>>> print(open('target35.tsv').read())   # TSV, C-alpha atoms and all ligand atoms
chain	number	residue	atom	x	y	z
A	8	MET	CA	13.32	-85.52	-14.58
A	9	LEU	CA	9.99	-86.60	-13.15
A	10	VAL	CA	6.76	-86.43	-15.17
A	11	VAL	CA	3.76	-86.06	-12.87
A	12	MET	CA	0.53	-87.23	-14.50
A	13	SER	CA	-2.81	-85.58	-13.76
A	14	HIS	CA	-5.52	-87.38	-11.76
A	15	GLN	CA	-7.47	-87.91	-15.00
A	16	ALA	CA	-4.56	-89.41	-16.96
A	17	THR	CA	-5.35	-92.77	-18.56
A	18	GLN	CA	-3.09	-95.79	-18.89
A	19	GLU	CA	-2.69	-94.85	-22.56
A	20	ASP	CA	-1.42	-91.41	-21.54
A	21	VAL	CA	1.14	-93.04	-19.23
A	22	ASP	CA	2.19	-95.46	-21.99
A	23	ARG	CA	2.67	-92.56	-24.42
A	24	VAL	CA	4.90	-90.73	-21.94
A	25	CYS	CA	6.96	-93.92	-21.48
A	26	GLU	CA	7.31	-94.38	-25.25
A	27	THR	CA	8.41	-90.76	-25.68
A	28	ILE	CA	11.04	-91.12	-22.98
A	29	ARG	CA	12.34	-94.27	-24.66
A	30	ALA	CA	12.45	-92.48	-28.01
A	31	MET	CA	14.56	-89.77	-26.33
A	32	GLY	CA	17.10	-92.49	-25.47
A	33	TYR	CA	16.32	-92.81	-21.74
A	34	THR	CA	14.55	-95.35	-19.55
A	35	PRO	CA	11.07	-94.62	-18.17
A	36	ALA	CA	10.27	-95.67	-14.59
A	37	PRO	CA	6.49	-95.48	-14.02
A	38	MET	CA	5.51	-95.16	-10.36
A	39	PRO	CA	1.82	-95.59	-9.66
A	40	GLY	CA	1.02	-93.61	-6.49
A	41	ALA	CA	-1.99	-93.44	-4.20
A	42	GLN	CA	-3.10	-90.13	-5.77
A	43	ARG	CA	-1.58	-90.18	-9.25
A	44	THR	CA	1.09	-91.78	-11.38
A	45	ALA	CA	4.50	-90.27	-11.92
A	46	VAL	CA	7.00	-91.38	-14.55
A	47	GLY	CA	10.66	-90.95	-13.73
A	48	LEU	CA	13.31	-90.64	-16.40
A	49	VAL	CA	16.50	-92.52	-15.66
A	50	GLY	CA	19.76	-92.77	-17.49
A	51	ASN	CA	20.48	-89.05	-17.79
A	52	ASP	CA	23.41	-87.21	-16.27
A	53	GLY	CA	22.33	-83.57	-16.23
A	54	ARG	CA	19.25	-81.61	-17.28
A	55	VAL	CA	17.02	-83.12	-19.98
A	56	ASP	CA	15.04	-81.12	-22.55
A	57	ASP	CA	11.38	-81.62	-21.52
A	58	SER	CA	9.75	-80.10	-24.62
A	59	LEU	CA	8.67	-83.47	-26.05
A	60	VAL	CA	6.79	-84.61	-22.95
A	61	ILE	CA	5.41	-81.45	-21.41
A	62	GLU	CA	2.54	-81.12	-23.89
A	63	LEU	CA	1.53	-84.79	-23.98
A	64	SER	CA	-2.00	-85.66	-22.91
A	65	GLY	CA	-2.40	-86.34	-19.18
A	66	VAL	CA	0.85	-84.65	-18.14
A	67	ALA	CA	0.27	-82.30	-15.18
A	68	ARG	CA	3.83	-81.03	-14.73
A	69	VAL	CA	7.48	-81.88	-15.13
A	70	ILE	CA	9.87	-81.65	-12.19
A	71	HIS	CA	13.59	-81.36	-12.80
A	72	VAL	CA	15.32	-83.16	-9.94
A	73	SER	CA	18.02	-80.77	-8.87
A	74	ASN	CA	20.09	-83.14	-6.72
A	75	PRO	CA	22.79	-85.37	-8.15
A	76	TYR	CA	20.85	-88.30	-6.67
A	77	LYS	CA	17.44	-88.87	-8.21
A	78	GLN	CA	15.59	-92.07	-7.37
A	79	VAL	CA	16.43	-91.80	-3.66
A	80	SER	CA	15.21	-88.20	-3.42
A	81	ARG	CA	11.96	-86.98	-1.87
A	82	GLU	CA	11.29	-85.05	-5.08
A	83	TRP	CA	11.18	-88.38	-6.91
A	84	ARG	CA	8.93	-90.06	-4.38
A	85	PRO	CA	7.15	-87.93	-1.77
A	86	GLU	CA	5.84	-90.87	0.34
A	87	ASN	CA	8.13	-92.80	2.67
A	88	THR	CA	9.45	-96.06	1.29
A	89	ILE	CA	8.74	-98.98	3.57
A	90	VAL	CA	11.36	-101.72	3.35
A	91	THR	CA	10.07	-105.09	4.55
A	92	ILE	CA	12.87	-107.56	5.16
A	93	ALA	CA	10.70	-110.41	6.53
A	94	PRO	CA	7.02	-110.81	7.43
A	95	GLY	CA	6.27	-108.20	10.11
A	96	VAL	CA	9.73	-106.60	9.97
A	97	ALA	CA	9.27	-103.32	8.12
A	98	PHE	CA	11.40	-100.16	8.23
A	99	GLY	CA	9.99	-96.73	7.39
A	100	GLY	CA	6.49	-97.05	8.84
A	101	GLU	CA	5.13	-96.24	12.27
A	102	GLU	CA	6.81	-99.25	13.89
A	103	ILE	CA	10.49	-99.19	14.78
A	104	PRO	CA	12.16	-102.60	14.46
A	105	VAL	CA	15.23	-103.35	16.57
A	106	ILE	CA	18.04	-105.46	15.10
A	107	ALA	CA	20.31	-106.88	17.80
A	108	GLY	CA	23.06	-109.43	18.22
A	109	PRO	CA	26.80	-109.77	18.46
A	110	CYS	CA	29.33	-107.99	16.30
A	111	SER	CA	30.57	-111.36	14.99
A	112	VAL	CA	29.21	-114.87	14.89
A	113	GLU	CA	31.71	-116.81	17.05
A	114	THR	CA	30.27	-120.21	17.98
A	115	GLU	CA	26.98	-122.08	17.74
A	116	GLN	CA	26.33	-121.58	21.42
A	117	GLN	CA	27.16	-117.88	21.30
A	118	ILE	CA	24.87	-117.07	18.37
A	119	LEU	CA	21.98	-119.20	19.64
A	120	GLU	CA	22.24	-117.70	23.11
A	121	SER	CA	22.37	-114.21	21.61
A	122	ALA	CA	19.39	-114.86	19.33
A	123	ARG	CA	17.24	-116.24	22.17
A	124	ALA	CA	18.16	-113.36	24.47
A	125	VAL	CA	17.51	-110.56	21.99
A	126	LYS	CA	14.26	-112.16	20.89
A	127	ALA	CA	13.06	-112.43	24.50
A	128	ALA	CA	13.72	-108.71	24.95
A	129	GLY	CA	11.77	-107.80	21.80
A	130	ALA	CA	14.26	-107.62	18.93
A	131	VAL	CA	12.74	-108.70	15.60
A	132	ALA	CA	15.99	-109.26	13.72
A	133	LEU	CA	19.35	-110.79	14.55
A	134	ARG	CA	22.65	-109.20	13.53
A	135	GLY	CA	26.04	-110.90	13.50
A	136	GLY	CA	28.92	-110.76	11.05
A	137	ALA	CA	30.28	-113.87	9.35
A	138	PHE	CA	32.57	-111.82	7.08
A	139	LYS	CA	34.23	-109.14	9.21
A	140	PRO	CA	35.95	-106.02	7.88
A	141	ARG	CA	38.64	-105.63	10.55
A	142	SER	CA	41.16	-102.79	10.61
A	143	SER	CA	43.97	-105.27	11.27
A	144	PRO	CA	44.54	-108.38	9.15
A	145	TYR	CA	45.58	-110.17	12.37
A	146	SER	CA	42.25	-109.59	14.13
A	147	PHE	CA	39.45	-112.19	14.03
A	148	GLN	CA	38.13	-112.17	10.46
A	149	GLY	CA	34.84	-113.99	11.06
A	150	LEU	CA	33.78	-117.59	10.47
A	151	GLY	CA	32.82	-117.03	6.81
A	152	ARG	CA	30.49	-119.70	5.37
A	153	LYS	CA	30.32	-121.53	8.71
A	154	GLY	CA	29.10	-118.28	10.30
A	155	LEU	CA	26.35	-118.03	7.71
A	156	ALA	CA	25.25	-121.60	8.46
A	157	LEU	CA	25.08	-120.73	12.17
A	158	LEU	CA	22.98	-117.64	11.41
A	159	ALA	CA	20.62	-119.84	9.36
A	160	LEU	CA	20.36	-122.18	12.34
A	161	ALA	CA	19.58	-119.29	14.71
A	162	LYS	CA	16.94	-118.08	12.28
A	163	ARG	CA	15.29	-121.52	12.13
A	164	GLU	CA	15.30	-121.76	15.93
A	165	THR	CA	13.99	-118.31	16.76
A	166	GLY	CA	12.22	-117.05	13.65
A	167	LEU	CA	14.25	-113.83	13.81
A	168	ALA	CA	15.08	-112.12	10.51
A	169	VAL	CA	18.83	-112.07	9.79
A	170	VAL	CA	20.98	-109.07	8.85
A	171	THR	CA	24.62	-109.80	8.02
A	172	GLU	CA	27.45	-108.15	6.15
A	173	ALA	CA	28.85	-108.91	2.71
A	174	MET	CA	32.30	-107.58	1.86
A	175	ASP	CA	32.65	-108.58	-1.78
A	176	ASP	CA	30.67	-109.85	-4.77
A	177	GLU	CA	31.13	-113.53	-3.98
A	178	GLY	CA	30.19	-112.94	-0.33
A	179	ALA	CA	27.09	-111.01	-1.39
A	180	HIS	CA	25.72	-114.05	-3.23
A	181	LEU	CA	26.51	-116.32	-0.27
A	182	VAL	CA	24.96	-113.90	2.22
A	183	ALA	CA	21.86	-113.53	0.02
A	184	GLU	CA	21.19	-117.27	0.35
A	185	ILE	CA	20.52	-117.05	4.07
A	186	ALA	CA	20.05	-113.40	5.05
A	187	ASP	CA	16.87	-111.34	4.95
A	188	CYS	CA	18.92	-108.19	4.56
A	189	ILE	CA	22.48	-107.73	3.26
A	190	GLN	CA	24.58	-105.28	5.26
A	191	ILE	CA	27.08	-103.10	3.41
A	192	GLY	CA	29.53	-101.86	6.01
A	193	ALA	CA	30.90	-98.35	6.45
A	194	ARG	CA	34.20	-99.33	4.81
A	195	ASN	CA	32.41	-100.54	1.70
A	196	MET	CA	29.89	-97.73	1.32
A	197	GLN	CA	31.74	-96.54	-1.77
A	198	ASN	CA	32.58	-99.96	-3.18
A	199	TYR	CA	30.55	-99.28	-6.30
A	200	SER	CA	30.97	-102.72	-7.79
A	201	LEU	CA	29.57	-104.28	-4.59
A	202	LEU	CA	26.71	-101.76	-4.59
A	203	LYS	CA	25.84	-102.75	-8.17
A	204	THR	CA	25.96	-106.41	-7.21
A	205	VAL	CA	23.53	-106.04	-4.30
A	206	GLY	CA	21.41	-103.85	-6.54
A	207	LYS	CA	21.15	-106.74	-9.02
A	208	ILE	CA	20.55	-109.36	-6.31
A	209	GLY	CA	17.44	-107.41	-5.31
A	210	LYS	CA	17.31	-108.37	-1.62
A	211	PRO	CA	16.91	-105.65	1.04
A	212	VAL	CA	20.16	-103.84	1.79
A	213	LEU	CA	21.28	-102.09	4.98
A	214	LEU	CA	23.71	-99.44	3.72
A	215	LYS	CA	25.94	-98.00	6.43
A	216	ARG	CA	27.30	-94.49	6.14
A	217	GLY	CA	31.06	-94.38	5.60
A	218	MET	CA	33.05	-93.02	8.50
A	219	ALA	CA	34.08	-89.95	6.51
A	220	ALA	CA	31.16	-89.77	4.11
A	221	THR	CA	28.82	-86.83	3.68
A	222	ILE	CA	25.09	-87.37	3.63
A	223	GLN	CA	25.21	-86.67	-0.11
A	224	ASP	CA	27.85	-89.42	-0.53
A	225	LEU	CA	25.56	-91.82	1.36
A	226	LEU	CA	22.57	-90.95	-0.82
A	227	LEU	CA	24.62	-91.31	-4.00
A	228	SER	CA	25.74	-94.77	-2.87
A	229	ALA	CA	22.10	-95.71	-2.28
A	230	GLU	CA	21.34	-94.37	-5.77
A	231	TYR	CA	23.71	-97.01	-7.21
A	232	ILE	CA	21.53	-99.74	-5.67
A	233	LEU	CA	18.25	-98.21	-6.82
A	234	ALA	CA	19.67	-97.60	-10.29
A	235	GLU	CA	20.10	-101.39	-10.62
A	236	GLY	CA	16.39	-101.83	-9.92
A	237	ASN	CA	16.52	-102.60	-6.20
A	238	PRO	CA	14.42	-100.12	-4.20
A	239	HIS	CA	14.76	-102.00	-0.87
A	240	VAL	CA	17.45	-99.87	0.77
A	241	ILE	CA	17.67	-98.98	4.46
A	242	LEU	CA	20.26	-96.32	5.29
A	243	CYS	CA	22.24	-96.44	8.54
A	244	GLU	CA	23.98	-93.74	10.58
A	245	ARG	CA	26.91	-95.31	12.44
A	246	GLY	CA	29.12	-92.40	13.47
A	247	LEU	CA	31.91	-90.43	11.86
A	248	ARG	CA	35.62	-90.09	12.53
A	249	SER	CA	36.36	-86.94	14.49
A	250	PHE	CA	39.17	-85.19	16.33
A	251	ASP	CA	37.69	-86.14	19.69
A	252	THR	CA	38.92	-89.48	20.97
A	253	THR	CA	36.50	-89.61	23.93
A	254	SER	CA	34.24	-91.85	21.89
A	255	ARG	CA	35.15	-94.15	19.01
A	256	ASN	CA	33.12	-92.10	16.55
A	257	LEU	CA	30.99	-88.99	16.55
A	258	PHE	CA	27.38	-90.16	16.30
A	259	ASP	CA	25.71	-87.82	13.81
A	260	LEU	CA	22.07	-87.81	14.88
A	261	THR	CA	21.43	-84.79	12.67
A	262	ALA	CA	21.67	-87.19	9.73
A	263	ILE	CA	18.34	-88.75	10.69
A	264	PRO	CA	16.01	-85.74	10.19
A	265	VAL	CA	18.21	-84.46	7.34
A	266	VAL	CA	17.91	-87.76	5.45
A	267	HIS	CA	14.15	-87.71	6.07
A	268	GLN	CA	13.99	-84.30	4.39
A	269	LEU	CA	16.12	-85.29	1.42
A	270	SER	CA	15.05	-88.88	0.83
A	271	HIS	CA	12.08	-91.24	1.07
A	272	LEU	CA	14.30	-94.11	2.25
A	273	PRO	CA	14.22	-95.28	5.87
A	274	ILE	CA	17.24	-94.61	8.08
A	275	VAL	CA	18.24	-96.65	11.12
A	276	ALA	CA	20.75	-95.76	13.82
A	277	ASP	CA	23.67	-97.81	15.12
A	278	PRO	CA	24.56	-96.41	18.55
A	279	SER	CA	27.12	-99.22	19.11
A	280	HIS	CA	29.55	-98.24	16.35
A	281	GLY	CA	28.31	-94.66	16.64
A	282	THR	CA	29.82	-94.32	20.10
A	283	GLY	CA	32.03	-97.36	20.71
A	284	ARG	CA	31.22	-97.30	24.43
A	285	ARG	CA	28.70	-99.57	26.13
A	286	ALA	CA	27.84	-96.97	28.78
A	287	VAL	CA	26.50	-94.49	26.23
A	288	VAL	CA	24.77	-96.87	23.82
A	289	THR	CA	21.40	-96.79	25.61
A	290	PRO	CA	21.16	-93.00	25.97
A	291	MET	CA	22.11	-92.54	22.32
A	292	SER	CA	19.60	-95.15	21.18
A	293	ARG	CA	16.94	-93.17	23.07
A	294	ALA	CA	18.10	-90.02	21.31
A	295	ALA	CA	18.01	-91.77	17.93
A	296	VAL	CA	14.40	-92.87	18.41
A	297	ALA	CA	13.50	-89.35	19.55
A	298	ALA	CA	15.19	-87.96	16.41
A	299	GLY	CA	12.99	-90.14	14.21
A	300	ALA	CA	15.13	-93.21	13.49
A	301	ASP	CA	13.23	-95.91	11.58
A	302	GLY	CA	15.08	-98.68	13.41
A	303	ILE	CA	17.94	-99.40	15.77
A	304	ILE	CA	20.80	-101.83	15.16
A	305	VAL	CA	22.72	-102.63	18.32
A	306	GLU	CA	25.44	-105.03	19.41
A	307	VAL	CA	24.48	-107.46	22.17
A	308	HIS	CA	26.71	-110.30	23.37
A	309	PRO	CA	26.01	-112.92	26.06
A	310	GLN	CA	29.46	-112.18	27.55
A	311	PRO	CA	30.70	-108.87	26.14
A	312	ASP	CA	34.04	-109.13	27.94
A	313	ARG	CA	34.80	-112.31	25.99
A	314	ALA	CA	33.67	-111.04	22.59
A	315	LEU	CA	36.08	-111.59	19.69
A	316	SER	CA	35.17	-108.16	18.30
A	317	ASP	CA	33.62	-104.95	19.60
A	318	GLY	CA	33.09	-106.19	23.17
A	319	ALA	CA	33.57	-102.70	24.63
A	320	GLN	CA	30.50	-101.42	22.82
A	321	SER	CA	28.33	-104.53	23.25
A	322	LEU	CA	25.49	-104.62	25.76
A	323	ASN	CA	24.82	-107.75	27.78
A	324	PRO	CA	21.30	-109.21	27.52
A	325	GLU	CA	20.13	-107.54	30.72
A	326	GLN	CA	21.32	-104.13	29.58
A	327	PHE	CA	19.61	-104.74	26.25
A	328	GLY	CA	16.33	-105.56	28.03
A	329	ASP	CA	16.60	-102.24	29.90
A	330	MET	CA	17.33	-100.42	26.68
A	331	MET	CA	14.23	-101.90	25.04
A	332	ARG	CA	12.01	-100.87	27.96
A	333	GLN	CA	13.29	-97.31	27.68
A	334	LEU	CA	12.92	-97.22	23.91
A	335	ARG	CA	9.26	-98.24	24.13
A	336	ARG	CA	8.54	-95.17	26.23
A	337	VAL	CA	10.50	-92.82	23.98
A	338	ALA	CA	8.80	-94.24	20.88
A	339	GLU	CA	5.40	-93.63	22.42
A	340	ALA	CA	6.36	-90.01	23.12
A	341	VAL	CA	7.00	-89.46	19.39
A	342	ASP	CA	3.84	-91.34	18.30
A	343	ARG	CA	5.61	-94.48	17.18
A	344	GLN	CA	6.03	-98.00	18.56
A	345	ILE	CA	8.92	-100.39	18.91
A	346	ALA	CA	8.03	-103.36	16.68
A	347	GLY	CA	7.35	-106.80	18.09
A	348	VAL	CA	5.71	-108.25	21.13
A	349	VAL	CA	7.50	-109.29	24.25
A	350	ALA	CA	6.33	-112.09	26.50
A	351	GLY	CA	4.81	-110.63	29.64
A	352	VAL	CA	4.78	-107.03	28.39
A	353	ALA	CA	1.42	-105.47	27.55
B	1	LIG	C1	29.50	-104.01	12.14
B	1	LIG	O1	28.29	-103.79	11.96
B	1	LIG	O2	29.95	-104.85	12.95
B	1	LIG	C2	30.46	-103.14	11.43
B	1	LIG	C3	31.67	-103.57	11.09
B	1	LIG	O3	29.98	-101.90	11.21
B	1	LIG	P1	30.61	-100.65	10.41
B	1	LIG	O4	30.71	-101.06	9.00
B	1	LIG	O5	29.60	-99.57	10.67
B	1	LIG	O6	31.95	-100.35	11.04
B	2	MN	MN	30.96	-104.40	15.22
>>> encode(input="target35.tsv", output="C-alpha cells")
Amino acid sequence: MLVVMSHQATQEDVDRVCETIRAMGYTPAPMPGAQRTAVGLVGNDGRVDDSLVIELSGVARVIHVSNPYKQVSREWRPENTIVTIAPGVAFGGEEIPVIAGPCSVETEQQILESARAVKAAGAVALRGGAFKPRSSPYSFQGLGRKGLALLALAKRETGLAVVTEAMDDEGAHLVAEIADCIQIGARNMQNYSLLKTVGKIGKPVLLKRGMAATIQDLLLSAEYILAEGNPHVILCERGLRSFDTTSRNLFDLTAIPVVHQLSHLPIVADPSHGTGRRAVVTPMSRAAVAAGADGIIVEVHPQPDRALSDGAQSLNPEQFGDMMRQLRRVAEAVDRQIAGVVAGVA
C-alpha cells in the first residue's frame, strides 16, 4: 500500500501517517518526491485495510500495489531511480555508462591492459570476475582474493569504477571492500540469503537475470535487496536458455522496455553472455541501446583467444573501440548519450 500525500500536507501530517502505519504493525517508508511525499507501507503480504489512514489529514489517496513486488514497482515510485556507483557513473539517467573488461581477472598484466584499453575507448567502469561461477568444477574458478587486489590496482591506475561478482556471503563482504558495484550472477539470482546480504551491505548491486527466470522472478529478487533497505539496484538482461543452440543464450531485449514499464529501476544489457558469440555482440549492443538500455556490460579481453573463460564472446580492444563508436551514434538517435569522454573524440 502506498499513501500519497497532498501538495499541502505538512510534516506533521506525514508523521501522523507514519505513526498510524506503525500502530497497524507495519513499517512506514516515507519517500519525499519532487511534487509531493508518498509513504509506503512495508512488511505486509497481501492487501491491507486502509480505513485507518485514508481519512487522515493531508492524505490525497491510497494506492494498493497489485504486483507481488512493491518497492521495485513503478506504482511505488513513478520517477526513474538513478543508481550512482562512483562519481560520474550513474545508471538510469540520460547517460548510458559502459562497463567493460574480461570475463575473469587472470593476471596483473591482463587486467591492467584490459582496464587501460577499455578506458581509452570510453568505458567508465571495469568488469572482471575474481570469484567465477563455472558450470564445471574443473574449469578456472577465478583468482579469488588475489583477483580483487588486482582489480583494486587497476582502479587506482585508471580511475575506472569496478564491478565484480560475489558468489556467497563471505565473498560479498570481500567484494564490497574494493568494488563500486557488487554483481550477483545469473546462477545466484535466486540465492535469497545472498540477496539479503547485499541488501544489508548497502552498496550498489548489479543483479543479473537468471537464465530461466521470468521478469517477475527478477523483480522479486530485486525486491529482496530493497526490502533490506538498499535501493541501489541495477537490473541486467543477460539472455535466457532456449531450444536454439545457434547462440549460447536467447537475448531477451523485450525485457528492457517491459522492465521500464513495470519498475523504476535501471536495466543494463549484457550482449556478451546474451549471445555467446563475438560476431553478434556489437549488433546486439546497438539494439540494446536502441531498446532503451540504461547501460551496457560487455566482455573485452586483450587476447580473446587466450582467455581463461568466455573468450568466444569477448571482443578485442579494437572491436570494442568500434562498438563504442557505433553506440554513440545509436544513443544520439534515441536522445541519449554514452557516458564518458574519449581522448580525441568531440
Ligand atoms: C559473468 O558476468 O562473467 C557471468 C558469469 O555472467 P552470468 O552470471 O550472466 O552468467
Ligand atoms: Mn563471462
>>> residues_near_ligand(input="target35.tsv", ligand="ligand LIG 1 (chain B)", cutoff="9 Å", atoms="only C-alpha atoms and all ligand atoms", output="PyMOL selection string")
chain A and resi 109-111+134-136+139-141+171-172+190-196+214-218+243-246+277+279-281+304-306+316-317
>>> closest_residue(input="target35.tsv", among="A:Gly318, A:Gly154, A:Gly236, A:Gly347", to="ligand MN 2 (chain B)", atoms="all atoms listed in the file")
A:Gly318
>>> residues_near_point(input="target35.tsv", point="(11.6, -81.6, -17.7)", cutoff="10 Å", atoms="all atoms listed in the file", output="list in words")
Met8, Leu9, Val10, Leu48, Arg54, Val55, Asp56, Asp57, Ser58, Leu59, Val60, Ile61, Arg68, Val69, Ile70, His71 and Val72 of chain A
>>> atom_distance(input="target35.tsv", atom1="CA of Asp20 (chain A)", atom2="CA of Glu235 (chain A)")
26.1 Å
>>> axis_aligned_box(input="target35.tsv", around="region 102-118 of chain A", padding_each_side="8 Å", output="AutoDock Vina command-line options")
--center_x 19.3 --center_y -110.6 --center_z 17.7 --size_x 40.9 --size_y 38.9 --size_z 23.5
>>> closest_residue(input="target35.tsv", among="A:Gly151, A:Pro104, A:Pro278, A:Gly50", to="ligand MN 2 (chain B)", atoms="only C-alpha atoms and all ligand atoms")
A:Pro278
>>> closest_residue(input="target35.tsv", among="A:Ile232, A:Ala107, A:Ala186, A:Ala294", to="ligand MN 2 (chain B)", atoms="all atoms listed in the file")
A:Ala107
>>> residues_around(input="target35.tsv", residues="Gly283 (chain A)", least_positions_apart="3", cutoff="7 Å", atoms="all atoms listed in the file", output="PyMOL selection string")
chain A and resi 254-256+279-280+319-320
>>> atom_distance(input="target35.tsv", atom1="CA of Ala340 (chain A)", atom2="CA of Ala297 (chain A)")
8.0 Å
>>> residues_around(input="target35.tsv", residues="Val46 (chain A)", least_positions_apart="2", cutoff="10 Å", atoms="only C-alpha atoms", output="NGL selection string")
:A and (8-12 or 21-22 or 24-25 or 28 or 34-39 or 44 or 48-49 or 66 or 69 or 83)
>>> residues_around(input="target35.tsv", residues="Ile263 (chain A)", least_positions_apart="6", cutoff="9 Å", atoms="all atoms listed in the file", output="list in words")
Cys243, Glu244, Ile274, Val275, Ala276, Ala295, Ala298, Gly299, Ala300 and Asp301 of chain A
>>> atom_distance(input="target35.tsv", atom1="CA of Pro264 (chain A)", atom2="CA of Arg335 (chain A)")
19.9 Å
>>> closest_residue(input="target35.tsv", among="A:Met330, A:Leu227, A:Ala156, A:Ile241", to="Thr114 (chain A)", atoms="all atoms listed in the file")
A:Ala156
>>> closest_residue(input="target35.tsv", among="A:Arg163, A:Arg284, A:Arg343, A:Arg332", to="Ala128 (chain A)", atoms="all atoms listed in the file")
A:Arg332
>>> residues_around(input="target35.tsv", residues="Gly99 (chain A)", least_positions_apart="3", cutoff="8 Å", atoms="only C-alpha atoms", output="ChimeraX atom specification")
/A:87-90,102-103,272-274,301
